[in-house]
Amino acid sequence: MSDSDDSSHSPRNSPKPLSMAETPKPRSFQQDMLDPYYMHPSDNPGLAIVTPSLNNTNFHSWSRSLKLALMSKNKLGFIDGTLLRPNLTDPNFVLWNRCNNMVMAWITNSIDKEISESVLWIDSAKEIWEELHERYHQGDIFRISDLQEEIYAQKQGEQTITQYFTTLKKLWQEFDNFRPLPNCTCEPVCHCLLLPTIKTYRENDYVIRFLKGLNDQYAPVRSQIMLLNPLPSVNKVFSMLIQQERQIFTPNPDEKIIAQIQKPPIKNRQNDNLPKPSYTPKSKGLKICTYCNKPGHTIEVCFKKHGFPPYLKKANIALATADEPDNEEGASGTSEDNSGNIGFTAEQQRALLALLQ
């Protein structure tokens, strides 16, 4: 074997293994999530990431919600211009185009149908955002004036404390978005108390506006809060008023007892199923026997209870026949007839008279 063959199989010519620094490391899930081109399996073009949808009046709140939603998905760069379209020869062009189409679908699904039809043929999410911003974004000065008027016109009225506070809080947050507090630009940063003082003044303005819009029934607690120095935060004031509202509208246990006593008694309907007497007297002075339920005598002289006298034993059969419910004569004998009897028919009266004679 030649030396050349030996040299080809020598250890010196074998490929060197990669060092630890040169070994490619697999990407972790966290690294994939930070990639703006990453798409979660749950992401789909039919998803509406913002509710309620954009209409002609809610662009400011809708745009804020849309930015937060895209920021959570790491896709804000597709509308703010920080992630531009790559060249066609760029390997990332396919990834960018896929994510751009997904963001466009999210935006169109989050706006009203009439508005979405006007931006359907735009090719990028950034152009759709600019179109909507230019069309529906109102001037800052006009919107600030409207917010100031709405804030100072707010009254509690028929709202609860929570509803009234939520309405004011929404207006305050939008006002802070147009008029944010300035940041210090000194070099080096100064340590004066100017900015904290301005923030305290604004917070106090919110507390005063919130208290002045309350109903008159909260006048005592409102006066107590406004006498405090320094004023508490608006969230602390809201917590105090919630406790006062609960105390005002929670009924006293003594009042519950009085209301139950004064409440008219409910008619007992269980007695409706009890059997009613078969005879109802027409006059209040008519006697009714409680044993046989017959009119004209009482239980003390009832023949059925104490027995028939000797001269009436033969009439016992006739009386028993008269008590049968199926006997027409017995049924008619319980009513008062023209002769004014005391519970016997005309035949029974004649039979009794014949025995007495």
# chains A, B, ... in the order shown; residues from 1 in each chain; ligands from 1

$ residues_around --residues "region 197-213 of chain A" --least-positions-apart "2" --cutoff "7 Å" --atoms "only C-alpha atoms" --output "PDB file with N, CA, C and O atoms, in the first residue's frame"
ATOM      1  N   GLN A 154     -70.525  65.641  34.893  1.00  0.00           N
ATOM      2  CA  GLN A 154     -70.929  64.355  35.446  1.00  0.00           C
ATOM      3  C   GLN A 154     -71.548  64.514  36.828  1.00  0.00           C
ATOM      4  O   GLN A 154     -71.002  65.189  37.690  1.00  0.00           O
ATOM      5  N   LYS A 155     -72.712  63.902  37.033  1.00  0.00           N
ATOM      6  CA  LYS A 155     -73.391  63.846  38.326  1.00  0.00           C
ATOM      7  C   LYS A 155     -73.775  62.394  38.591  1.00  0.00           C
ATOM      8  O   LYS A 155     -73.980  61.605  37.667  1.00  0.00           O
ATOM      9  N   GLN A 156     -73.904  62.063  39.863  1.00  0.00           N
ATOM     10  CA  GLN A 156     -74.250  60.687  40.202  1.00  0.00           C
ATOM     11  C   GLN A 156     -75.667  60.351  39.760  1.00  0.00           C
ATOM     12  O   GLN A 156     -75.878  59.362  39.066  1.00  0.00           O
ATOM     13  N   LEU A 193     -39.173  68.910  43.804  1.00  0.00           N
ATOM     14  CA  LEU A 193     -40.507  68.333  44.016  1.00  0.00           C
ATOM     15  C   LEU A 193     -41.552  68.951  43.095  1.00  0.00           C
ATOM     16  O   LEU A 193     -42.741  68.924  43.407  1.00  0.00           O
ATOM     17  N   LEU A 194     -41.118  69.508  41.959  1.00  0.00           N
ATOM     18  CA  LEU A 194     -42.079  70.158  41.074  1.00  0.00           C
ATOM     19  C   LEU A 194     -43.053  69.147  40.449  1.00  0.00           C
ATOM     20  O   LEU A 194     -44.270  69.306  40.531  1.00  0.00           O
ATOM     21  N   LEU A 195     -42.519  68.084  39.836  1.00  0.00           N
ATOM     22  CA  LEU A 195     -43.393  67.113  39.182  1.00  0.00           C
ATOM     23  C   LEU A 195     -44.274  66.352  40.181  1.00  0.00           C
ATOM     24  O   LEU A 195     -45.470  66.162  39.918  1.00  0.00           O
ATOM     25  N   ASN A 215     -74.622  62.667  45.225  1.00  0.00           N
ATOM     26  CA  ASN A 215     -75.957  63.087  45.640  1.00  0.00           C
ATOM     27  C   ASN A 215     -75.916  63.699  47.031  1.00  0.00           C
ATOM     28  O   ASN A 215     -74.935  63.565  47.775  1.00  0.00           O
ATOM     29  N   ARG A 222     -69.045  63.593  52.577  1.00  0.00           N
ATOM     30  CA  ARG A 222     -68.295  64.445  51.656  1.00  0.00           C
ATOM     31  C   ARG A 222     -67.618  65.582  52.396  1.00  0.00           C
ATOM     32  O   ARG A 222     -66.454  65.911  52.139  1.00  0.00           O
ATOM     33  N   LEU A 231     -55.616  65.534  51.326  1.00  0.00           N
ATOM     34  CA  LEU A 231     -56.728  64.748  50.819  1.00  0.00           C
ATOM     35  C   LEU A 231     -56.263  63.331  50.481  1.00  0.00           C
ATOM     36  O   LEU A 231     -55.158  63.140  49.955  1.00  0.00           O
ATOM     37  N   SER A 233     -56.260  59.687  48.375  1.00  0.00           N
ATOM     38  CA  SER A 233     -56.309  59.404  46.941  1.00  0.00           C
ATOM     39  C   SER A 233     -57.746  59.124  46.518  1.00  0.00           C
ATOM     40  O   SER A 233     -58.627  58.829  47.333  1.00  0.00           O
ATOM     41  N   VAL A 234     -57.979  59.218  45.217  1.00  0.00           N
ATOM     42  CA  VAL A 234     -59.334  59.023  44.706  1.00  0.00           C
ATOM     43  C   VAL A 234     -59.795  57.582  44.911  1.00  0.00           C
ATOM     44  O   VAL A 234     -60.994  57.331  45.160  1.00  0.00           O
TER      45      VAL A 234
END

$ residues_around --residues "Tyr38 (chain A)" --least-positions-apart "4" --cutoff "9 Å" --atoms "only C-alpha atoms" --output "ChimeraX atom specification"
/A:32-34,73-74,95,99

$ write_last_selection --atoms "all heavy atoms" --output "short mmCIF file (atom, residue, chain, number, x, y, z; two decimals), in the first residue's frame"
data_model
loop_
_atom_site.label_atom_id
_atom_site.label_comp_id
_atom_site.auth_asym_id
_atom_site.auth_seq_id
_atom_site.Cartn_x
_atom_site.Cartn_y
_atom_site.Cartn_z
N ASP A 32 -38.59 31.89 20.87
CA ASP A 32 -39.58 31.90 19.79
C ASP A 32 -40.68 32.92 20.07
O ASP A 32 -41.18 33.58 19.15
CB ASP A 32 -40.18 30.51 19.62
CG ASP A 32 -39.19 29.52 19.03
OD1 ASP A 32 -38.24 29.99 18.37
OD2 ASP A 32 -39.35 28.31 19.24
N MET A 33 -41.09 33.05 21.31
CA MET A 33 -42.13 34.01 21.66
C MET A 33 -41.67 35.45 21.44
O MET A 33 -42.47 36.33 21.13
CB MET A 33 -42.55 33.82 23.11
CG MET A 33 -43.31 32.52 23.38
SD MET A 33 -44.92 32.50 22.61
CE MET A 33 -45.75 33.76 23.59
N LEU A 34 -40.40 35.73 21.62
CA LEU A 34 -39.87 37.08 21.40
C LEU A 34 -39.67 37.40 19.92
O LEU A 34 -39.47 38.57 19.57
CB LEU A 34 -38.54 37.24 22.14
CG LEU A 34 -38.62 37.16 23.68
CD1 LEU A 34 -37.23 37.25 24.28
CD2 LEU A 34 -39.51 38.26 24.22
N LYS A 73 -49.04 40.24 21.58
CA LYS A 73 -48.67 39.23 20.60
C LYS A 73 -47.36 39.56 19.89
O LYS A 73 -46.97 38.86 18.94
CB LYS A 73 -49.79 39.07 19.57
CG LYS A 73 -51.09 38.51 20.15
CD LYS A 73 -52.15 38.41 19.07
CE LYS A 73 -53.40 37.74 19.62
NZ LYS A 73 -53.17 36.32 19.99
N ASN A 74 -46.69 40.63 20.31
CA ASN A 74 -45.41 41.05 19.73
C ASN A 74 -45.56 41.37 18.25
O ASN A 74 -44.69 41.05 17.43
CB ASN A 74 -44.33 39.98 19.94
CG ASN A 74 -42.92 40.53 19.81
OD1 ASN A 74 -42.72 41.75 19.87
ND2 ASN A 74 -41.95 39.65 19.64
N LEU A 95 -42.04 35.13 5.88
CA LEU A 95 -42.51 35.23 7.26
C LEU A 95 -43.21 36.56 7.50
O LEU A 95 -44.27 36.62 8.14
CB LEU A 95 -41.34 35.04 8.22
CG LEU A 95 -40.61 33.70 8.15
CD1 LEU A 95 -39.41 33.71 9.09
CD2 LEU A 95 -41.55 32.56 8.51
N CYS A 99 -47.25 37.12 8.59
CA CYS A 99 -47.68 37.83 9.80
C CYS A 99 -48.44 39.11 9.46
O CYS A 99 -49.40 39.47 10.16
CB CYS A 99 -46.45 38.17 10.66
SG CYS A 99 -45.61 36.72 11.34
#

$ atom_distance --atom1 "CA of Asp176 (chain A)" --atom2 "CA of Cys190 (chain A)"
23.6 Å

$ closest_residue --among "A:Tyr218, A:His133, A:His306, A:Leu76" --to "Cys292 (chain A)" --atoms "only C-alpha atoms"
A:His306

$ closest_residue --among "A:Leu132, A:Leu352, A:Ile122, A:Leu214" --to "Gln163 (chain A)" --atoms "only C-alpha atoms"
A:Leu214

$ atom_distance --atom1 "CA of Leu47 (chain A)" --atom2 "CA of Glu114 (chain A)"
18.2 Å

$ atom_distance --atom1 "CA of Gly307 (chain A)" --atom2 "CA of Asn293 (chain A)"
16.1 Å

$ residues_around --residues "Asn97 (chain A)" --least-positions-apart "5" --cutoff "9 Å" --atoms "only C-alpha atoms" --output "JSON, numbers by chain"
{"A": [85, 86, 92, 102, 124]}

$ closest_residue --among "A:Pro36, A:Pro196, A:Pro232, A:Gly296" --to "Phe78 (chain A)" --atoms "only C-alpha atoms"
A:Pro36

$ residues_around --residues "Ser63 (chain A)" --least-positions-apart "5" --cutoff "9 Å" --atoms "only C-alpha atoms" --output "ChimeraX atom specification"
/A:54,58,68,133

$ closest_residue --among "A:Pro45, A:Phe303, A:Cys186, A:Thr162" --to "Val237 (chain A)" --atoms "only C-alpha atoms"
A:Thr162
